[in-house]
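Structure file final-v5.cif with mmCIF, C-alpha atoms and all ligand atoms:
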data_data
#
loop_
_atom_site.label_atom_id
_atom_site.label_comp_id
_atom_site.auth_asym_id
_atom_site.auth_seq_id
_atom_site.Cartn_x
_atom_site.Cartn_y
_atom_site.Cartn_z
CA MET A 1 42.04 -12.55 -6.08
CA ARG A 2 45.80 -11.92 -5.81
CA ILE A 3 47.04 -8.35 -5.98
CA ALA A 4 50.69 -7.71 -6.86
CA ILE A 5 52.26 -4.39 -5.90
CA ASP A 6 55.81 -3.71 -7.11
CA GLY A 7 58.05 -0.68 -7.27
CA PRO A 8 61.33 0.86 -6.08
CA ALA A 9 62.41 1.56 -2.49
CA GLY A 10 60.49 4.33 -0.76
CA ALA A 11 57.69 4.62 -3.33
CA GLY A 12 55.17 4.10 -0.54
CA LYS A 13 54.30 0.51 -1.43
CA SER A 14 54.10 -0.83 2.12
CA THR A 15 51.69 1.75 3.51
CA VAL A 16 49.49 1.50 0.44
CA ALA A 17 49.59 -2.31 0.23
CA LYS A 18 48.76 -2.64 3.95
CA GLU A 19 45.81 -0.28 3.60
CA VAL A 20 44.47 -2.06 0.50
CA ALA A 21 44.77 -5.43 2.29
CA ARG A 22 43.03 -4.09 5.38
CA ARG A 23 40.14 -2.62 3.41
CA LEU A 24 39.61 -5.82 1.41
CA GLY A 25 40.16 -8.14 4.38
CA TYR A 26 43.08 -9.79 2.55
CA ALA A 27 46.42 -10.97 3.93
CA TYR A 28 49.33 -8.55 3.45
CA ILE A 29 52.68 -10.06 2.49
CA ASP A 30 55.81 -7.91 2.55
CA THR A 31 58.36 -9.86 0.49
CA GLY A 32 61.07 -7.23 1.10
CA ALA A 33 60.84 -8.12 4.79
CA MET A 34 61.65 -11.72 3.87
CA TYR A 35 64.81 -10.67 1.99
CA ARG A 36 65.69 -8.44 4.92
CA ALA A 37 65.25 -11.35 7.37
CA VAL A 38 67.68 -13.47 5.34
CA ALA A 39 70.14 -10.54 5.20
CA LEU A 40 69.91 -10.15 8.98
CA ALA A 41 70.45 -13.87 9.52
CA ALA A 42 73.51 -13.71 7.23
CA LEU A 43 74.96 -10.72 9.11
CA ARG A 44 74.44 -12.53 12.40
CA ALA A 45 76.08 -15.68 11.07
CA GLY A 46 78.97 -13.66 9.62
CA ILE A 47 78.34 -14.85 6.05
CA PRO A 48 79.94 -12.49 3.51
CA ALA A 49 78.16 -11.34 0.33
CA TRP A 50 80.50 -13.34 -1.94
CA ASP A 51 79.60 -16.67 -0.31
CA VAL A 52 76.54 -17.30 -2.46
CA GLU A 53 76.36 -20.97 -1.56
CA ALA A 54 76.18 -20.26 2.17
CA LEU A 55 73.60 -17.51 1.56
CA SER A 56 71.48 -19.82 -0.55
CA ASN A 57 71.65 -22.61 2.06
CA LEU A 58 70.81 -20.16 4.80
CA SER A 59 67.72 -18.88 2.95
CA GLY A 60 66.49 -22.47 2.64
CA SER A 61 67.00 -23.32 6.28
CA VAL A 62 65.76 -20.26 8.20
CA GLU A 63 62.15 -20.09 9.23
CA ILE A 64 60.58 -16.76 8.27
CA ARG A 65 57.07 -16.01 9.40
CA LEU A 66 54.98 -12.90 8.79
CA GLY A 67 52.33 -12.14 11.36
CA SER A 68 50.65 -9.35 13.22
CA GLY A 69 51.28 -8.05 16.72
CA GLU A 70 48.73 -7.42 19.44
CA ASP A 71 48.37 -3.81 18.26
CA GLY A 72 47.66 -4.95 14.70
CA SER A 73 51.13 -3.96 13.42
CA THR A 74 52.81 -6.33 10.96
CA ARG A 75 55.61 -8.40 12.51
CA VAL A 76 58.42 -10.47 11.05
CA TYR A 77 59.75 -13.53 12.86
CA LEU A 78 63.11 -15.13 12.13
CA ASP A 79 63.36 -18.63 13.62
CA GLY A 80 60.64 -17.64 16.07
CA GLN A 81 62.23 -14.36 17.16
CA ASP A 82 60.53 -11.02 16.44
CA VAL A 83 63.03 -9.10 14.27
CA SER A 84 60.62 -6.47 12.91
CA ARG A 85 62.80 -3.60 14.07
CA GLU A 86 66.23 -5.16 13.42
CA ILE A 87 65.48 -5.80 9.75
CA ARG A 88 65.10 -2.03 9.20
CA ALA A 89 68.58 -1.23 10.58
CA PRO A 90 70.85 0.70 8.13
CA GLU A 91 73.38 -2.18 7.97
CA VAL A 92 70.61 -4.55 6.87
CA SER A 93 69.37 -2.02 4.28
CA ARG A 94 72.91 -1.79 2.90
CA PHE A 95 73.44 -5.57 2.76
CA VAL A 96 70.04 -6.72 1.56
CA SER A 97 70.38 -5.95 -2.16
CA ARG A 98 73.53 -8.13 -2.23
CA VAL A 99 71.58 -10.98 -0.69
CA ALA A 100 68.65 -10.41 -3.08
CA GLU A 101 70.99 -10.86 -6.07
CA VAL A 102 71.77 -14.47 -5.19
CA PRO A 103 69.75 -16.81 -7.46
CA GLY A 104 69.48 -19.54 -4.79
CA VAL A 105 68.10 -17.06 -2.26
CA ARG A 106 65.52 -15.82 -4.77
CA ARG A 107 64.51 -19.38 -5.61
CA HIS A 108 63.89 -20.26 -1.95
CA LEU A 109 62.02 -17.07 -1.16
CA THR A 110 59.98 -17.18 -4.37
CA GLU A 111 58.81 -20.70 -3.43
CA LYS A 112 57.85 -19.53 0.06
CA GLN A 113 55.99 -16.56 -1.40
CA ARG A 114 54.03 -18.69 -3.87
CA ARG A 115 52.99 -20.98 -1.03
CA LEU A 116 51.83 -17.97 1.00
CA ALA A 117 49.73 -16.75 -1.94
CA ALA A 118 48.32 -20.14 -2.85
CA SER A 119 45.00 -19.66 -1.11
CA GLY A 120 44.39 -16.25 -2.75
CA ARG A 121 43.01 -13.13 -1.05
CA VAL A 122 46.47 -11.63 -0.74
CA VAL A 123 48.13 -8.31 -1.39
CA MET A 124 51.76 -9.15 -2.06
CA GLU A 125 54.32 -6.38 -2.20
CA GLY A 126 57.88 -6.43 -3.60
CA ARG A 127 59.97 -5.95 -6.74
CA ASP A 128 59.22 -9.03 -8.86
CA ILE A 129 55.74 -10.10 -7.77
CA GLY A 130 53.92 -9.26 -11.02
CA THR A 131 56.81 -10.47 -13.20
CA VAL A 132 58.18 -13.60 -11.47
CA VAL A 133 56.45 -14.65 -8.25
CA LEU A 134 52.83 -14.33 -9.39
CA PRO A 135 52.93 -13.60 -13.14
CA ASP A 136 49.27 -14.61 -13.34
CA ALA A 137 48.09 -12.34 -10.48
CA GLU A 138 44.64 -10.94 -11.22
CA ARG A 139 45.70 -7.35 -10.49
CA LYS A 140 49.16 -5.78 -10.84
CA PHE A 141 50.32 -2.34 -9.83
CA PHE A 142 53.69 -0.65 -10.21
CA ILE A 143 54.11 2.17 -7.71
CA THR A 144 56.75 4.81 -8.14
CA ALA A 145 57.79 8.35 -7.08
CA THR A 146 60.71 10.71 -7.70
CA VAL A 147 64.04 9.85 -5.99
CA GLU A 148 63.80 13.01 -3.85
CA GLU A 149 60.35 12.15 -2.60
CA ARG A 150 61.36 8.56 -1.88
CA ALA A 151 64.45 9.70 0.04
CA ARG A 152 62.31 12.13 2.06
CA ARG A 153 59.91 9.33 3.03
CA ARG A 154 62.68 6.90 3.94
CA TYR A 155 64.40 9.62 5.94
CA ALA A 156 61.23 10.26 7.97
CA GLU A 157 60.67 6.52 8.41
CA ALA A 158 64.23 5.87 9.63
CA ALA A 159 64.08 8.85 12.00
CA GLY A 160 60.77 7.54 13.38
CA GLU A 161 62.45 4.24 14.15
CA GLY A 162 65.34 5.98 15.91
CA TYR A 163 67.98 5.45 13.19
CA SER A 164 69.97 8.52 12.30
CA ILE A 165 70.92 8.74 8.64
CA SER A 166 71.05 12.08 6.83
CA TYR A 167 68.82 13.00 3.90
CA GLU A 168 71.87 13.08 1.57
CA GLU A 169 72.97 9.63 2.69
CA GLN A 170 69.40 8.46 2.17
CA ILE A 171 69.33 9.73 -1.45
CA ASN A 172 72.66 8.03 -2.18
CA GLU A 173 71.49 4.83 -0.52
CA ILE A 174 68.26 4.80 -2.56
CA MET A 175 70.05 5.45 -5.85
CA ARG A 176 72.59 2.72 -5.10
CA ARG A 177 69.83 0.29 -4.23
CA ASP A 178 67.69 1.22 -7.27
CA SER A 179 70.56 0.57 -9.64
CA ARG A 180 71.47 -2.75 -7.96
CA ASP A 181 67.82 -3.87 -7.93
CA ALA A 182 67.25 -2.84 -11.56
CA SER A 183 70.47 -4.25 -13.03
CA ARG A 184 70.73 -7.65 -11.35
CA GLY A 185 70.65 -10.72 -13.57
CA VAL A 186 67.78 -12.51 -11.84
CA ALA A 187 64.32 -10.97 -11.40
CA PRO A 188 65.37 -7.32 -11.78
CA LEU A 189 63.05 -4.53 -10.77
CA ILE A 190 61.02 -3.90 -13.93
CA GLN A 191 57.36 -3.27 -14.38
CA ALA A 192 55.18 -6.06 -15.71
CA PRO A 193 53.74 -5.10 -19.12
CA ASP A 194 50.23 -5.58 -17.73
CA ALA A 195 50.78 -3.56 -14.52
CA VAL A 196 48.97 -0.28 -13.87
CA VAL A 197 51.62 2.36 -13.11
CA ILE A 198 50.89 4.85 -10.32
CA ASP A 199 53.17 7.81 -9.56
CA THR A 200 52.70 8.64 -5.88
CA THR A 201 54.73 11.88 -5.88
CA GLY A 202 52.67 14.47 -4.01
CA LYS A 203 49.92 11.97 -3.20
CA SER A 204 49.02 10.60 0.21
CA PRO A 205 49.03 6.83 0.81
CA GLY A 206 45.27 7.09 1.37
CA GLN A 207 44.73 8.61 -2.09
CA VAL A 208 46.84 5.93 -3.75
CA ALA A 209 45.03 3.16 -1.83
CA GLU A 210 41.70 4.63 -3.01
CA THR A 211 42.89 4.60 -6.63
CA ILE A 212 43.89 0.94 -6.34
CA LEU A 213 40.69 -0.07 -4.55
CA SER A 214 38.52 1.58 -7.17
CA LEU A 215 40.44 -0.17 -9.96
CA VAL A 216 40.23 -3.51 -8.14
CA ARG A 217 36.53 -3.16 -7.46
CA GLY A 218 35.81 -1.72 -10.88
CA GLY A 219 36.09 -5.08 -12.59
O1 LIG B 301 61.12 -3.16 0.01
P1 LIG B 301 62.37 -3.29 0.87
O2 LIG B 301 63.24 -2.06 0.85
O3 LIG B 301 62.08 -3.74 2.25
O4 LIG B 301 63.21 -4.45 0.16
C1 LIG B 301 64.44 -4.87 0.64
C2 LIG B 301 65.34 -5.37 -0.48
O5 LIG B 301 64.89 -6.62 -0.96
C3 LIG B 301 65.50 -4.46 -1.69
O6 LIG B 301 66.87 -4.18 -1.90
C4 LIG B 301 64.98 -5.23 -2.85
C5 LIG B 301 64.87 -6.64 -2.36
N1 LIG B 301 63.62 -7.27 -2.80
C6 LIG B 301 63.67 -8.06 -3.92
O7 LIG B 301 64.72 -8.18 -4.53
N2 LIG B 301 62.55 -8.71 -4.34
C7 LIG B 301 61.39 -8.55 -3.67
N3 LIG B 301 60.30 -9.20 -4.11
C8 LIG B 301 61.32 -7.72 -2.54
C9 LIG B 301 62.46 -7.08 -2.13
#
What do you get writing this file as structure tokens?
Amino acid sequence: MRIAIDGPAGAGKSTVAKEVARRLGYAYIDTGAMYRAVALAALRAGIPAWDVEALSNLSGSVEIRLGSGEDGSTRVYLDGQDVSREIRAPEVSRFVSRVAEVPGVRRHLTEKQRRLAASGRVVMEGRDIGTVVLPDAERKFFITATVEERARRRYAEAAGEGYSISYEEQINEIMRRDSRDASRGVAPLIQAPDAVVIDTTGKSPGQVAETILSLVRGG
């Protein structure tokens, strides 16, 4: 079975998707981390957002690997280097939606993602999994929450990782990213018609994971 989990930034997708994967013994694939890895590689190489050809070539040539660390945490490797922390830096968060708009980048990453899901037993999380990457996934969920709640979560997350960004900046950042993600020409953030929508406002990740697991197991 392949489980697609989509939704906007800060809706709680990652925590929920990881928990669902763990409980089912499935692989967890964070596709946002793959876009972030390409954005980080572009920043390091000094490629500007307008150079779509260079961005597309870069996304086809970098090696991105998702794995887990000794403590069981999920890790992201860019050309063999662990960049799990760097890809969460505010400058990467600001740049990544520009990178994710480039059709060539999406084509390369979509191919990689389909290969990763080919053997099944995956929980894949992103923005376009149920609509573009795995339109025939057996289970699809669209996870959402109010902007305020999402900003609060991202704020706590960033603070936990030692990045200082105010709550107000976080709200603005999320709204900017939502509108970019939802209005881009290729694979915009929209819910698949056959996705189950879950509003996580006021719910714990554990509660949401339970809801998904009972729907998945229910038939
Ligand atoms: O989920 P996240 O914040 O780590 O995602 C980072 C960016 O990548 C976000 O701006 C949306 C984009 N993204 C995408 O366009 N398609 C995906 N399948 C996953 C993420």
Give the padded box for ligand LIG 301 (chain B) as JSON: axis-aligned, covering all atoms listed in the file, 8 Å on each side, centre and edge lengths in Å to one decimal.
{"center_x": 63.6, "center_y": -5.6, "center_z": -1.1, "size_x": 22.6, "size_y": 23.1, "size_z": 22.8}
Shell of 6 Å around ligand LIG 301 (chain B) (all atoms listed in the file), written as a PDB file with C-alpha atoms, in the coordinates of the input:
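Written file, out.pdb:
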ATOM      1  CA  ALA A   9      62.410   1.560  -2.490  1.00  0.00           C
ATOM      2  CA  THR A  31      58.360  -9.860   0.490  1.00  0.00           C
ATOM      3  CA  GLY A  32      61.070  -7.230   1.100  1.00  0.00           C
ATOM      4  CA  ALA A  33      60.840  -8.120   4.790  1.00  0.00           C
ATOM      5  CA  TYR A  35      64.810 -10.670   1.990  1.00  0.00           C
ATOM      6  CA  ARG A  36      65.690  -8.440   4.920  1.00  0.00           C
ATOM      7  CA  VAL A  96      70.040  -6.720   1.560  1.00  0.00           C
ATOM      8  CA  SER A  97      70.380  -5.950  -2.160  1.00  0.00           C
ATOM      9  CA  ALA A 100      68.650 -10.410  -3.080  1.00  0.00           C
ATOM     10  CA  GLY A 126      57.880  -6.430  -3.600  1.00  0.00           C
ATOM     11  CA  ARG A 127      59.970  -5.950  -6.740  1.00  0.00           C
ATOM     12  CA  ASP A 128      59.220  -9.030  -8.860  1.00  0.00           C
ATOM     13  CA  ILE A 129      55.740 -10.100  -7.770  1.00  0.00           C
ATOM     14  CA  ARG A 177      69.830   0.290  -4.230  1.00  0.00           C
ATOM     15  CA  ASP A 181      67.820  -3.870  -7.930  1.00  0.00           C
TER      16      ASP A 181
END
Given only C-alpha atoms as the counted atoms, nearest of A:Arg85, A:Arg75, A:Arg121, A:Lys140 to Gln191 of chain A:
A:Lys140
Excluding Gln170 of chain A and any residue of its chain fewer than 5 positions from it, enumerate the residues within 7 Å of it, using all atoms listed in the file, and give them as an NGL selection string.
:A and (151 or 155 or 165)
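Proximity of A:Leu213, A:Ile3, A:Val20, A:Ala41 to Ile87 of chain A, computed with only C-alpha atoms, is greatest for A:Ala41.
Remark: for Val132 of chain A, the closest of the candidate residues A:Ser166, A:Thr144, A:Ala4, A:Ile47 is A:Ala4 (distances computed over all atoms listed in the file).
Shortest atom-to-atom contact with Glu210 of chain A among A:Leu116, A:Ala156, A:Ala17, A:Ile29: A:Ala17, counting all atoms listed in the file.
Atom CA of Val16 of chain A to atom CA of Arg217 of chain A spans 15.9 Å [interatomic distance, one decimal].
Non-sequential neighbours of Val52 of chain A (distance at most 10 Å, separation of 6 or more positions within a chain, all atoms listed in the file) are Leu58, Arg98, Val99, Glu101, Val102, Pro103, Gly104 and Val105 of chain A.
Closest approach to Glu149 of chain A among A:Ala21, A:Ala117, A:Leu55, A:Ala11: A:Ala11, based on only C-alpha atoms.
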Residues proximal to (39.3, -4.6, -8.7) were defined as those with any atom within 10 Å of that point in the file's coordinates, counting all atoms listed in the file. Which are they, as a PyMOL selection string?
chain A and resi 1+3+138-139+212-219
Contacts of segment 78-80 of chain A within 7 Å, all atoms listed in the file, excl. fewer than 2 positions in-chain, as a ChimeraX atom specification:
/A:37,62-65,76,82-83
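The neighbours of Asp194 of chain A here are the residues that come within 10 Å of it, using only C-alpha atoms and leaving out any residue fewer than 2 positions away in the same chain; they are A:Gly130, A:Thr131, A:Pro135, A:Arg139, A:Lys140, A:Phe141, A:Phe142, A:Gln191, A:Ala192, A:Val196, A:Val197.
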Quick one: residues within 8 Å of Met175 of chain A, all atoms listed in the file, excluding same-chain residues fewer than 4 positions away - as a ChimeraX atom specification?
/A:147,171,179
Same residues, C-alpha atoms, output as an mmCIF file, in the frame of the given file:
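The resulting file, part-v8.cif, is reproduced below:
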data_model
loop_
_atom_site.group_PDB
_atom_site.id
_atom_site.type_symbol
_atom_site.label_atom_id
_atom_site.label_comp_id
_atom_site.auth_asym_id
_atom_site.auth_seq_id
_atom_site.Cartn_x
_atom_site.Cartn_y
_atom_site.Cartn_z
ATOM 1 C CA VAL A 147 64.040 9.850 -5.990
ATOM 2 C CA ILE A 171 69.330 9.730 -1.450
ATOM 3 C CA SER A 179 70.560 0.570 -9.640
#
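Comparing A:Asn172, A:Ser59, A:Ser183, A:Ser68 by their smallest distance to Glu111 of chain A, the closest is A:Ser59 (using all atoms listed in the file).
Between atom CA of Ile174 of chain A and atom CA of Ala39 of chain A the separation is 17.3 Å.
Separating atom CA of Arg152 of chain A from atom CA of Ser84 of chain A is a distance of 21.6 Å.
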